[in-house]
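Chemist: Input structure: my_file.pdb, which contains PDB, C-alpha atoms.
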ATOM      1  CA  MET F  23      30.597 126.374  45.051  1.00  0.00           C
ATOM      2  CA  SER F  24      30.441 122.932  46.680  1.00  0.00           C
ATOM      3  CA  CYS F  25      32.102 120.035  44.939  1.00  0.00           C
ATOM      4  CA  ASN F  26      29.310 117.633  45.883  1.00  0.00           C
ATOM      5  CA  PRO F  27      28.074 116.445  42.477  1.00  0.00           C
ATOM      6  CA  PHE F  28      24.883 114.836  43.694  1.00  0.00           C
ATOM      7  CA  GLN F  29      22.821 117.884  44.602  1.00  0.00           C
ATOM      8  CA  GLN F  30      19.211 117.349  43.585  1.00  0.00           C
ATOM      9  CA  GLU F  31      18.199 120.971  42.964  1.00  0.00           C
ATOM     10  CA  ASN F  32      16.121 121.552  39.876  1.00  0.00           C
ATOM     11  CA  ASP F  33      17.678 124.992  39.382  1.00  0.00           C
ATOM     12  CA  THR F  34      18.966 124.975  35.813  1.00  0.00           C
ATOM     13  CA  ASP F  35      22.251 126.691  36.663  1.00  0.00           C
ATOM     14  CA  THR F  36      22.968 124.140  39.387  1.00  0.00           C
ATOM     15  CA  LEU F  37      22.098 121.228  37.132  1.00  0.00           C
ATOM     16  CA  PHE F  38      24.303 122.660  34.419  1.00  0.00           C
ATOM     17  CA  SER F  39      27.220 123.328  36.762  1.00  0.00           C
ATOM     18  CA  VAL F  40      27.146 119.894  38.380  1.00  0.00           C
ATOM     19  CA  GLY F  41      26.711 118.178  35.024  1.00  0.00           C
ATOM     20  CA  ARG F  42      29.665 120.074  33.610  1.00  0.00           C
ATOM     21  CA  ARG F  43      31.863 119.128  36.568  1.00  0.00           C
ATOM     22  CA  LEU F  44      30.889 115.460  36.197  1.00  0.00           C
ATOM     23  CA  LEU F  45      31.698 115.646  32.512  1.00  0.00           C
ATOM     24  CA  ARG F  46      35.080 117.281  33.002  1.00  0.00           C
ATOM     25  CA  GLY F  47      36.045 115.509  36.214  1.00  0.00           C
ATOM     26  CA  ASN F  48      36.390 118.700  38.282  1.00  0.00           C
ATOM     27  CA  CYS F  49      36.531 117.640  41.978  1.00  0.00           C
ATOM     28  CA  VAL F  50      35.044 114.237  41.099  1.00  0.00           C
ATOM     29  CA  GLU F  51      35.709 111.322  38.824  1.00  0.00           C
ATOM     30  CA  PRO F  52      34.230 111.900  35.365  1.00  0.00           C
ATOM     31  CA  ASP F  53      30.782 110.323  34.990  1.00  0.00           C
ATOM     32  CA  ILE F  54      29.500 110.911  31.485  1.00  0.00           C
ATOM     33  CA  GLN F  55      26.233 109.049  31.956  1.00  0.00           C
ATOM     34  CA  ARG F  56      25.328 111.015  35.108  1.00  0.00           C
ATOM     35  CA  ALA F  57      26.484 114.245  33.466  1.00  0.00           C
ATOM     36  CA  LYS F  58      24.198 113.589  30.512  1.00  0.00           C
ATOM     37  CA  GLU F  59      21.264 112.989  32.831  1.00  0.00           C
ATOM     38  CA  LEU F  60      21.761 116.298  34.654  1.00  0.00           C
ATOM     39  CA  LEU F  61      22.513 118.279  31.501  1.00  0.00           C
ATOM     40  CA  THR F  62      19.460 116.804  29.806  1.00  0.00           C
ATOM     41  CA  ARG F  63      17.275 117.881  32.723  1.00  0.00           C
ATOM     42  CA  ALA F  64      18.763 121.378  32.576  1.00  0.00           C
ATOM     43  CA  ALA F  65      18.222 121.508  28.819  1.00  0.00           C
ATOM     44  CA  GLU F  66      14.592 120.443  29.244  1.00  0.00           C
ATOM     45  CA  LEU F  67      14.166 123.337  31.677  1.00  0.00           C
ATOM     46  CA  GLY F  68      15.459 125.731  29.036  1.00  0.00           C
ATOM     47  CA  HIS F  69      19.182 126.113  29.822  1.00  0.00           C
ATOM     48  CA  ARG F  70      20.836 126.980  26.491  1.00  0.00           C
ATOM     49  CA  GLY F  71      24.362 126.190  27.661  1.00  0.00           C
ATOM     50  CA  ALA F  72      23.255 122.702  28.698  1.00  0.00           C
ATOM     51  CA  ARG F  73      21.880 122.026  25.230  1.00  0.00           C
ATOM     52  CA  GLU F  74      25.123 123.216  23.627  1.00  0.00           C
ATOM     53  CA  LEU F  75      27.275 121.138  25.973  1.00  0.00           C
ATOM     54  CA  LEU F  76      25.164 118.029  25.387  1.00  0.00           C
ATOM     55  CA  ALA F  77      25.797 118.345  21.663  1.00  0.00           C
ATOM     56  CA  THR F  78      29.557 118.086  22.249  1.00  0.00           C
ATOM     57  CA  ILE F  79      29.505 114.913  24.355  1.00  0.00           C
ATOM     58  CA  GLN F  80      31.027 111.848  22.755  1.00  0.00           C
ATOM     59  CA  GLU F  81      30.530 108.452  24.338  1.00  0.00           C
ATOM     60  CA  PRO F  82      33.779 106.766  25.396  1.00  0.00           C
ATOM     61  CA  GLU F  83      34.729 103.798  23.263  1.00  0.00           C
ATOM     62  CA  SER F  84      34.141 100.490  24.970  1.00  0.00           C
ATOM     63  CA  ALA F  85      36.881  97.929  25.372  1.00  0.00           C
ATOM     64  CA  VAL F  86      35.151  95.810  22.743  1.00  0.00           C
ATOM     65  CA  GLN F  87      35.209  98.677  20.254  1.00  0.00           C
ATOM     66  CA  VAL F  88      38.891  99.270  20.909  1.00  0.00           C
ATOM     67  CA  GLU F  89      39.571  95.548  20.549  1.00  0.00           C
ATOM     68  CA  ASP F  90      37.687  95.538  17.256  1.00  0.00           C
ATOM     69  CA  ARG F  91      40.277  97.978  15.906  1.00  0.00           C
ATOM     70  CA  THR F  92      43.184  95.574  16.367  1.00  0.00           C
ATOM     71  CA  GLU F  93      44.873  94.559  13.137  1.00  0.00           C
ATOM     72  CA  TRP F  94      43.814  90.945  13.651  1.00  0.00           C
ATOM     73  CA  ASN F  95      40.122  91.816  13.946  1.00  0.00           C
ATOM     74  CA  LYS F  96      40.356  94.225  11.033  1.00  0.00           C
ATOM     75  CA  MET F  97      41.832  91.377   9.000  1.00  0.00           C
ATOM     76  CA  ARG F  98      38.987  89.043   9.916  1.00  0.00           C
ATOM     77  CA  SER F  99      36.274  91.661   9.268  1.00  0.00           C
ATOM     78  CA  GLY F 100      37.225  92.782   5.759  1.00  0.00           C
ATOM     79  CA  GLN F 101      38.878  96.064   6.765  1.00  0.00           C
ATOM     80  CA  LEU F 102      42.205  97.384   5.542  1.00  0.00           C
ATOM     81  CA  TYR F 103      44.822  95.964   7.900  1.00  0.00           C
ATOM     82  CA  ASP F 104      48.591  95.883   8.369  1.00  0.00           C
ATOM     83  CA  TRP F 105      49.861  92.353   7.823  1.00  0.00           C
ATOM     84  CA  SER F 106      53.190  93.229   9.466  1.00  0.00           C
ATOM     85  CA  ASP F 107      51.408  93.568  12.833  1.00  0.00           C
ATOM     86  CA  PRO F 108      53.251  91.444  15.465  1.00  0.00           C
ATOM     87  CA  VAL F 109      50.179  89.334  16.311  1.00  0.00           C
ATOM     88  CA  ILE F 110      49.539  88.542  12.644  1.00  0.00           C
ATOM     89  CA  ASP F 111      53.230  87.958  12.005  1.00  0.00           C
ATOM     90  CA  GLN F 112      53.424  85.477  14.883  1.00  0.00           C
ATOM     91  CA  SER F 113      50.401  83.592  13.542  1.00  0.00           C
ATOM     92  CA  LEU F 114      51.980  83.426  10.076  1.00  0.00           C
ATOM     93  CA  LYS F 115      55.193  82.029  11.541  1.00  0.00           C
ATOM     94  CA  ARG F 116      53.286  79.416  13.577  1.00  0.00           C
ATOM     95  CA  SER F 117      51.391  78.307  10.482  1.00  0.00           C
ATOM     96  CA  ARG F 118      54.515  78.084   8.334  1.00  0.00           C
ATOM     97  CA  LEU F 119      56.161  75.787  10.864  1.00  0.00           C
ATOM     98  CA  ALA F 120      52.990  73.710  11.249  1.00  0.00           C
ATOM     99  CA  CYS F 121      52.694  73.391   7.456  1.00  0.00           C
ATOM    100  CA  GLU F 122      56.300  72.250   7.265  1.00  0.00           C
ATOM    101  CA  ARG F 123      55.721  69.532   9.881  1.00  0.00           C
ATOM    102  CA  PHE F 124      52.461  68.436   8.273  1.00  0.00           C
ATOM    103  CA  ASN F 125      54.003  68.263   4.818  1.00  0.00           C
ATOM    104  CA  GLN F 126      56.747  66.004   6.113  1.00  0.00           C
ATOM    105  CA  SER F 127      54.081  63.504   7.063  1.00  0.00           C
ATOM    106  CA  GLY F 128      51.524  61.747   4.887  1.00  0.00           C
ATOM    107  CA  LEU F 129      48.165  60.054   5.178  1.00  0.00           C
ATOM    108  CA  ASP F 130      49.801  56.867   6.528  1.00  0.00           C
ATOM    109  CA  HIS F 131      52.180  58.644   8.898  1.00  0.00           C
ATOM    110  CA  PRO F 132      51.507  57.755  12.574  1.00  0.00           C
ATOM    111  CA  ASP F 133      51.404  61.454  13.517  1.00  0.00           C
ATOM    112  CA  TYR F 134      49.298  62.539  10.523  1.00  0.00           C
ATOM    113  CA  ARG F 135      46.131  63.363  12.506  1.00  0.00           C
ATOM    114  CA  GLU F 136      48.044  65.104  15.300  1.00  0.00           C
ATOM    115  CA  ARG F 137      49.957  67.284  12.842  1.00  0.00           C
ATOM    116  CA  LEU F 138      46.750  68.131  10.982  1.00  0.00           C
ATOM    117  CA  ARG F 139      45.124  69.281  14.235  1.00  0.00           C
ATOM    118  CA  GLU F 140      48.214  71.344  15.013  1.00  0.00           C
ATOM    119  CA  LEU F 141      47.788  73.069  11.657  1.00  0.00           C
ATOM    120  CA  ILE F 142      43.974  73.416  11.723  1.00  0.00           C
ATOM    121  CA  PRO F 143      42.546  73.551  15.262  1.00  0.00           C
ATOM    122  CA  ASN F 144      39.297  71.618  15.860  1.00  0.00           C
ATOM    123  CA  VAL F 145      39.388  69.947  12.457  1.00  0.00           C
ATOM    124  CA  PRO F 146      37.006  66.933  12.414  1.00  0.00           C
ATOM    125  CA  ASP F 147      38.600  63.481  12.384  1.00  0.00           C
ATOM    126  CA  SER F 148      36.684  62.677   9.196  1.00  0.00           C
ATOM    127  CA  VAL F 149      38.525  65.406   7.230  1.00  0.00           C
ATOM    128  CA  THR F 150      41.313  64.328   4.893  1.00  0.00           C
ATOM    129  CA  LEU F 151      44.017  66.679   3.543  1.00  0.00           C
ATOM    130  CA  LEU F 152      46.733  65.222   1.359  1.00  0.00           C
ATOM    131  CA  PRO F 153      50.102  66.958   1.751  1.00  0.00           C
ATOM    132  CA  PRO F 154      51.626  69.114   0.535  1.00  0.00           C
ATOM    133  CA  PHE F 155      49.199  71.742   1.804  1.00  0.00           C
ATOM    134  CA  HIS F 156      49.732  75.428   2.529  1.00  0.00           C
ATOM    135  CA  CYS F 157      47.742  78.045   4.430  1.00  0.00           C
ATOM    136  CA  ASP F 158      48.349  81.434   6.042  1.00  0.00           C
ATOM    137  CA  HIS F 159      47.016  80.845   9.557  1.00  0.00           C
ATOM    138  CA  GLY F 160      45.113  77.562   9.789  1.00  0.00           C
ATOM    139  CA  ASN F 161      42.702  78.887  12.419  1.00  0.00           C
ATOM    140  CA  GLY F 162      40.743  80.626   9.672  1.00  0.00           C
ATOM    141  CA  LEU F 163      39.851  77.275   8.091  1.00  0.00           C
ATOM    142  CA  HIS F 164      36.468  75.811   9.040  1.00  0.00           C
ATOM    143  CA  LEU F 165      36.002  72.389   7.489  1.00  0.00           C
ATOM    144  CA  GLY F 166      32.867  70.270   7.785  1.00  0.00           C
ATOM    145  CA  GLU F 167      32.645  66.532   8.301  1.00  0.00           C
ATOM    146  CA  GLY F 168      34.056  64.407   5.509  1.00  0.00           C
ATOM    147  CA  VAL F 169      35.767  67.221   3.591  1.00  0.00           C
ATOM    148  CA  PHE F 170      38.485  65.891   1.257  1.00  0.00           C
ATOM    149  CA  VAL F 171      41.310  68.077  -0.074  1.00  0.00           C
ATOM    150  CA  ASN F 172      43.600  66.529  -2.675  1.00  0.00           C
ATOM    151  CA  TYR F 173      47.316  67.220  -3.125  1.00  0.00           C
ATOM    152  CA  ASN F 174      48.802  70.707  -3.184  1.00  0.00           C
ATOM    153  CA  GLY F 175      45.964  72.766  -1.742  1.00  0.00           C
ATOM    154  CA  MET F 176      46.714  76.464  -1.235  1.00  0.00           C
ATOM    155  CA  PHE F 177      44.218  78.026   1.196  1.00  0.00           C
ATOM    156  CA  LEU F 178      45.177  81.590   2.163  1.00  0.00           C
ATOM    157  CA  ASP F 179      42.967  82.191   5.180  1.00  0.00           C
ATOM    158  CA  ALA F 180      43.566  85.795   6.211  1.00  0.00           C
ATOM    159  CA  GLY F 181      39.781  85.882   5.887  1.00  0.00           C
ATOM    160  CA  ASP F 182      37.742  82.897   7.039  1.00  0.00           C
ATOM    161  CA  ILE F 183      37.415  79.953   4.639  1.00  0.00           C
ATOM    162  CA  THR F 184      34.398  77.745   5.335  1.00  0.00           C
ATOM    163  CA  ILE F 185      33.890  74.455   3.488  1.00  0.00           C
ATOM    164  CA  GLY F 186      30.717  72.450   4.023  1.00  0.00           C
ATOM    165  CA  SER F 187      30.489  68.774   4.857  1.00  0.00           C
ATOM    166  CA  ARG F 188      31.356  66.128   2.267  1.00  0.00           C
ATOM    167  CA  THR F 189      32.795  68.646  -0.197  1.00  0.00           C
ATOM    168  CA  LEU F 190      35.612  67.391  -2.426  1.00  0.00           C
ATOM    169  CA  ILE F 191      38.494  69.676  -3.426  1.00  0.00           C
ATOM    170  CA  GLY F 192      40.632  68.506  -6.353  1.00  0.00           C
ATOM    171  CA  PRO F 193      44.423  68.730  -6.615  1.00  0.00           C
ATOM    172  CA  ASN F 194      46.173  72.075  -7.026  1.00  0.00           C
ATOM    173  CA  CYS F 195      43.162  74.118  -5.908  1.00  0.00           C
ATOM    174  CA  SER F 196      43.737  77.609  -4.546  1.00  0.00           C
ATOM    175  CA  LEU F 197      41.392  79.569  -2.284  1.00  0.00           C
ATOM    176  CA  TYR F 198      42.519  83.180  -1.889  1.00  0.00           C
ATOM    177  CA  THR F 199      40.965  85.549   0.665  1.00  0.00           C
ATOM    178  CA  PRO F 200      43.642  88.332   0.676  1.00  0.00           C
ATOM    179  CA  ASN F 201      43.116  91.269  -1.655  1.00  0.00           C
ATOM    180  CA  HIS F 202      45.820  93.872  -2.300  1.00  0.00           C
ATOM    181  CA  PRO F 203      44.838  97.529  -2.847  1.00  0.00           C
ATOM    182  CA  MET F 204      44.253  98.739  -6.389  1.00  0.00           C
ATOM    183  CA  ASP F 205      46.117 101.951  -5.550  1.00  0.00           C
ATOM    184  CA  TYR F 206      49.817 101.266  -6.153  1.00  0.00           C
ATOM    185  CA  ARG F 207      50.778 103.708  -3.395  1.00  0.00           C
ATOM    186  CA  LEU F 208      48.956 101.577  -0.847  1.00  0.00           C
ATOM    187  CA  ARG F 209      50.434  98.411  -2.319  1.00  0.00           C
ATOM    188  CA  ARG F 210      53.865  99.756  -1.429  1.00  0.00           C
ATOM    189  CA  LYS F 211      52.851  99.506   2.216  1.00  0.00           C
ATOM    190  CA  THR F 212      52.120  96.408   4.288  1.00  0.00           C
ATOM    191  CA  LEU F 213      48.381  96.850   3.819  1.00  0.00           C
ATOM    192  CA  GLU F 214      45.688  94.604   2.399  1.00  0.00           C
ATOM    193  CA  THR F 215      42.123  93.437   2.944  1.00  0.00           C
ATOM    194  CA  ALA F 216      40.761  89.891   3.218  1.00  0.00           C
ATOM    195  CA  TYR F 217      37.292  88.691   2.268  1.00  0.00           C
ATOM    196  CA  PRO F 218      35.860  85.330   3.376  1.00  0.00           C
ATOM    197  CA  ILE F 219      35.242  82.389   1.069  1.00  0.00           C
ATOM    198  CA  THR F 220      32.340  80.022   1.664  1.00  0.00           C
ATOM    199  CA  ILE F 221      31.843  76.710  -0.148  1.00  0.00           C
ATOM    200  CA  GLY F 222      28.678  74.768   0.589  1.00  0.00           C
ATOM    201  CA  GLU F 223      28.012  71.135   1.388  1.00  0.00           C
ATOM    202  CA  ASP F 224      28.425  68.279  -1.097  1.00  0.00           C
ATOM    203  CA  CYS F 225      30.322  70.420  -3.617  1.00  0.00           C
ATOM    204  CA  TRP F 226      33.060  69.234  -5.951  1.00  0.00           C
ATOM    205  CA  LEU F 227      35.866  71.468  -7.188  1.00  0.00           C
ATOM    206  CA  GLY F 228      37.880  69.918 -10.015  1.00  0.00           C
ATOM    207  CA  GLY F 229      41.640  70.198 -10.238  1.00  0.00           C
ATOM    208  CA  ASN F 230      43.360  73.581 -10.572  1.00  0.00           C
ATOM    209  CA  VAL F 231      40.322  75.622  -9.539  1.00  0.00           C
ATOM    210  CA  THR F 232      41.029  79.115  -8.173  1.00  0.00           C
ATOM    211  CA  VAL F 233      38.479  80.792  -5.895  1.00  0.00           C
ATOM    212  CA  CYS F 234      38.902  84.551  -5.472  1.00  0.00           C
ATOM    213  CA  PRO F 235      38.301  86.692  -2.358  1.00  0.00           C
ATOM    214  CA  GLY F 236      34.747  87.062  -1.108  1.00  0.00           C
ATOM    215  CA  VAL F 237      33.200  84.275  -3.224  1.00  0.00           C
ATOM    216  CA  THR F 238      30.373  82.024  -2.034  1.00  0.00           C
ATOM    217  CA  ILE F 239      29.639  78.721  -3.794  1.00  0.00           C
ATOM    218  CA  GLY F 240      26.277  77.129  -3.012  1.00  0.00           C
ATOM    219  CA  ASP F 241      25.520  73.589  -1.864  1.00  0.00           C
ATOM    220  CA  ARG F 242      25.930  70.615  -4.222  1.00  0.00           C
ATOM    221  CA  THR F 243      27.550  72.696  -6.973  1.00  0.00           C
ATOM    222  CA  VAL F 244      30.299  71.341  -9.244  1.00  0.00           C
ATOM    223  CA  ILE F 245      33.099  73.639 -10.458  1.00  0.00           C
ATOM    224  CA  GLY F 246      34.898  72.414 -13.593  1.00  0.00           C
ATOM    225  CA  ALA F 247      38.662  71.867 -13.624  1.00  0.00           C
ATOM    226  CA  GLY F 248      40.781  74.941 -14.295  1.00  0.00           C
ATOM    227  CA  SER F 249      38.013  77.421 -13.470  1.00  0.00           C
ATOM    228  CA  VAL F 250      38.644  80.828 -11.916  1.00  0.00           C
ATOM    229  CA  VAL F 251      35.705  81.689  -9.668  1.00  0.00           C
ATOM    230  CA  THR F 252      35.483  85.472  -9.427  1.00  0.00           C
ATOM    231  CA  HIS F 253      31.877  85.834  -8.223  1.00  0.00           C
ATOM    232  CA  ASP F 254      29.228  83.895  -6.316  1.00  0.00           C
ATOM    233  CA  ILE F 255      27.926  80.645  -7.831  1.00  0.00           C
ATOM    234  CA  PRO F 256      24.477  79.371  -6.759  1.00  0.00           C
ATOM    235  CA  SER F 257      23.578  75.944  -5.409  1.00  0.00           C
ATOM    236  CA  ASP F 258      22.813  72.919  -7.581  1.00  0.00           C
ATOM    237  CA  CYS F 259      24.620  73.829 -10.758  1.00  0.00           C
ATOM    238  CA  LEU F 260      27.581  72.974 -12.955  1.00  0.00           C
ATOM    239  CA  ALA F 261      29.849  75.975 -13.496  1.00  0.00           C
ATOM    240  CA  ALA F 262      33.164  76.326 -15.309  1.00  0.00           C
ATOM    241  CA  GLY F 263      35.438  78.712 -17.150  1.00  0.00           C
ATOM    242  CA  ASN F 264      37.549  81.812 -16.636  1.00  0.00           C
ATOM    243  CA  PRO F 265      35.681  83.657 -15.337  1.00  0.00           C
ATOM    244  CA  CYS F 266      33.564  80.795 -14.003  1.00  0.00           C
ATOM    245  CA  GLU F 267      29.951  80.868 -15.197  1.00  0.00           C
ATOM    246  CA  VAL F 268      26.952  78.591 -14.683  1.00  0.00           C
ATOM    247  CA  ILE F 269      26.610  76.061 -17.496  1.00  0.00           C
ATOM    248  CA  ARG F 270      23.504  74.171 -16.422  1.00  0.00           C
ATOM    249  CA  PRO F 271      21.475  73.198 -13.351  1.00  0.00           C
ATOM    250  CA  LEU F 272      22.088  69.966 -11.445  1.00  0.00           C
ATOM    251  CA  ASN F 273      20.073  67.795  -9.083  1.00  0.00           C
ATOM    252  CA  THR F 274      16.730  68.710 -10.623  1.00  0.00           C
ATOM    253  CA  GLU F 275      15.523  65.118 -10.685  1.00  0.00           C
ATOM    254  CA  THR F 276      14.879  62.773  -7.796  1.00  0.00           C
ATOM    255  CA  PRO F 277      17.917  60.495  -7.469  1.00  0.00           C
ATOM    256  CA  THR F 278      17.358  56.847  -8.275  1.00  0.00           C
ATOM    257  CA  GLN F 279      17.489  54.417  -5.397  1.00  0.00           C
ATOM    258  CA  PRO F 280      20.524  52.101  -5.337  1.00  0.00           C
TER     259      PRO F 280
END
Show how you would write the structure in this file as structure tokens.

Modeler:
Amino acid sequence: MSCNPFQQENDTDTLFSVGRRLLRGNCVEPDIQRAKELLTRAAELGHRGARELLATIQEPESAVQVEDRTEWNKMRSGQLYDWSDPVIDQSLKRSRLACERFNQSGLDHPDYRERLRELIPNVPDSVTLLPPFHCDHGNGLHLGEGVFVNYNGMFLDAGDITIGSRTLIGPNCSLYTPNHPMDYRLRRKTLETAYPITIGEDCWLGGNVTVCPGVTIGDRTVIGAGSVVTHDIPSDCLAAGNPCEVIRPLNTETPTQP
């Protein structure tokens, strides 16, 4: 039989044979899309083998799909990932060194802004972080205009941490995105998940607040000092406690003019 894969006969056996060769790469480069077209035509004409072969075809994974399975992308998308992966490990080392340099500076240090940008890429100039400050990667922090973080912030950004504009973070606040497995056998391995934290605009977190993985806090909300936020908190409310719960609504009246 000829190895020319582009015969146009409508004979079902020919369509099936050529489609199979395209699928398997016999005499030609594999061409799954073309093979599917020919096998589909043969199946429509009643060829049973074509129908059976079509059912076995699996689409090749795209480069994007393969890339999405890297440990870094699994970390950023809430999947179980290996934090000992070389790419992740290198990012952790970079951040540790950047934190060390930043923490040796201070708000009045001439290199303060440069060292902050080294730690958190693309951070707005209106953001203020008072050292000491610690984070896992830095590039997972997304801070809006005018964000203020008081002394001794601990932002573990394996998952993304997004803080809206003009939000105030009190001293000793901790935002944790990593989550270790509940199964102790998995905890013995270098595996964990990370879930993003989102804090809205114009919020205020009092001192010693802890925000747990996956939590969203709405705009203009105030979280009382010492609270442990284990679940989402809506906008425009005062919330406090361990676990943190809504106490009362805020901003229900039109503000008085100065």

Chemist: Tell me which of F:Asp241, F:Arg135, F:Thr150, F:His159 sits closest to Val109 (chain F), counting only C-alpha atoms.

Modeler: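 Of all the options, F:His159 lies closest to Val109 (chain F).
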
Chemist: Considering only C-alpha atoms, return as a list in words whatever protein or nucleic-acid residues lie within 12 Å of Gly240 (chain F), sequence-local ones (same chain, fewer than 4 positions apart) excluded.

Modeler: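 Those residues are Thr184, Ile185, Gly186, Thr189, Ile219, Thr220, Ile221, Gly222, Glu223, Asp224, Cys225, Trp226, Leu227, Val244, Ile245, His253, Asp254, Ile255, Pro256, Ser257, Asp258, Cys259, Leu260, Ala261, Val268 and Leu272 of chain F.
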
Chemist: Run the PyMOL selection byres ((chain F and resi 144) around 12) against the file shown and list the residues it catches, as a list of chain:residue names.

Modeler: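 What the PyMOL selection byres ((chain F and resi 144) around 12) grabs from the file is F:Arg135, F:Glu136, F:Arg137, F:Leu138, F:Arg139, F:Glu140, F:Leu141, F:Ile142, F:Pro143, F:Val145, F:Pro146, F:Asp147, F:Ser148, F:Val149, F:Gly160, F:Asn161, F:Gly162, F:Leu163, F:His164, F:Leu165, F:Gly166, F:Glu167.
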
Chemist: Go through F:Thr215, F:Asn273, F:Asn264, F:Thr36 and flag the residue nearest Ala180 (chain F), using all atoms listed in the file for the distances.

Modeler: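 Of the candidates, the smallest distance to Ala180 (chain F) is held by F:Thr215.
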
Chemist: Between CA of Asn125 (chain F) and CA of Asp179 (chain F), measure the distance and give it in Å to one decimal.

Modeler: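 Straight-line distance from CA of Asn125 (chain F) to CA of Asp179 (chain F) works out to 17.8 Å.
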
Chemist: So the first atom is CA of Met176 (chain F) and the second is CA of Pro154 (chain F); what is the distance between them in Å, to one decimal place?

Modeler: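 About the pair CA of Met176 (chain F) and CA of Pro154 (chain F): they are 9.0 Å apart.
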
Chemist: What is the distance, in Å and to one decimal place, between CA of Arg73 (chain F) and CA of Leu61 (chain F)?

Modeler: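 Computed distance, CA of Arg73 (chain F) to CA of Leu61 (chain F), equals 7.3 Å.
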
Chemist: Rank nothing, just name the residue among F:Val250, F:Leu190, F:Ile239, F:Val233 nearest to Tyr173 (chain F), using all atoms listed in the file.

Modeler: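 Closest to Tyr173 (chain F) of all the choices is F:Leu190.
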
Chemist: Just say which residues the PyMOL selection byres ((chain F and resi 78) around 12) picks in this file, as a PyMOL selection string.

Modeler: chain F and resi 42+45+54+58+61+71-77+79-81

Chemist: Could you save the residues just selected, with C-alpha atoms, as a compact mmCIF listing (two decimals), in the coordinates of the input?

Modeler:
# COMPACT_ATOMS: atom_id res chain seq x y z
CA ARG F 42 29.66 120.07 33.61
CA LEU F 45 31.70 115.65 32.51
CA ILE F 54 29.50 110.91 31.48
CA LYS F 58 24.20 113.59 30.51
CA LEU F 61 22.51 118.28 31.50
CA GLY F 71 24.36 126.19 27.66
CA ALA F 72 23.26 122.70 28.70
CA ARG F 73 21.88 122.03 25.23
CA GLU F 74 25.12 123.22 23.63
CA LEU F 75 27.28 121.14 25.97
CA LEU F 76 25.16 118.03 25.39
CA ALA F 77 25.80 118.34 21.66
CA ILE F 79 29.50 114.91 24.36
CA GLN F 80 31.03 111.85 22.76
CA GLU F 81 30.53 108.45 24.34

Chemist: List as a PyMOL selection string the residues having at least one atom at most 12 Å from position (50.7, 66.4, 0.1) as given in the file, counting only C-alpha atoms.

Modeler: chain F and resi 121-131+134+138+150-156+171-176+193-194

Chemist: Could you write region 224-235 of chain F as a compact mmCIF listing (two decimals), keeping the file's coordinate frame, with N, CA and C atoms rebuilt where they are missing?

Modeler:
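Ended up saving to out03.txt:
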# COMPACT_ATOMS: atom_id res chain seq x y z
N ASP F 224 28.53 69.20 0.04
CA ASP F 224 28.42 68.28 -1.10
C ASP F 224 28.85 68.90 -2.42
N CYS F 225 29.79 69.84 -2.38
CA CYS F 225 30.32 70.42 -3.62
C CYS F 225 31.50 69.59 -4.13
N TRP F 226 31.87 69.87 -5.37
CA TRP F 226 33.06 69.23 -5.95
C TRP F 226 33.78 70.28 -6.80
N LEU F 227 35.02 70.58 -6.41
CA LEU F 227 35.87 71.47 -7.19
C LEU F 227 36.90 70.62 -7.91
N GLY F 228 36.90 70.67 -9.25
CA GLY F 228 37.88 69.92 -10.02
C GLY F 228 39.28 70.46 -9.81
N GLY F 229 40.25 69.79 -10.40
CA GLY F 229 41.64 70.20 -10.24
C GLY F 229 41.92 71.59 -10.78
N ASN F 230 42.87 72.27 -10.12
CA ASN F 230 43.36 73.58 -10.57
C ASN F 230 42.29 74.67 -10.57
N VAL F 231 41.32 74.56 -9.69
CA VAL F 231 40.32 75.62 -9.54
C VAL F 231 40.89 76.71 -8.64
N THR F 232 40.66 77.96 -9.00
CA THR F 232 41.03 79.11 -8.17
C THR F 232 39.75 79.83 -7.74
N VAL F 233 39.62 80.06 -6.44
CA VAL F 233 38.48 80.79 -5.90
C VAL F 233 39.00 82.11 -5.34
N CYS F 234 38.42 83.21 -5.81
CA CYS F 234 38.90 84.55 -5.47
C CYS F 234 38.26 85.08 -4.19
N PRO F 235 38.80 86.16 -3.63
CA PRO F 235 38.30 86.69 -2.36
C PRO F 235 36.81 87.03 -2.39
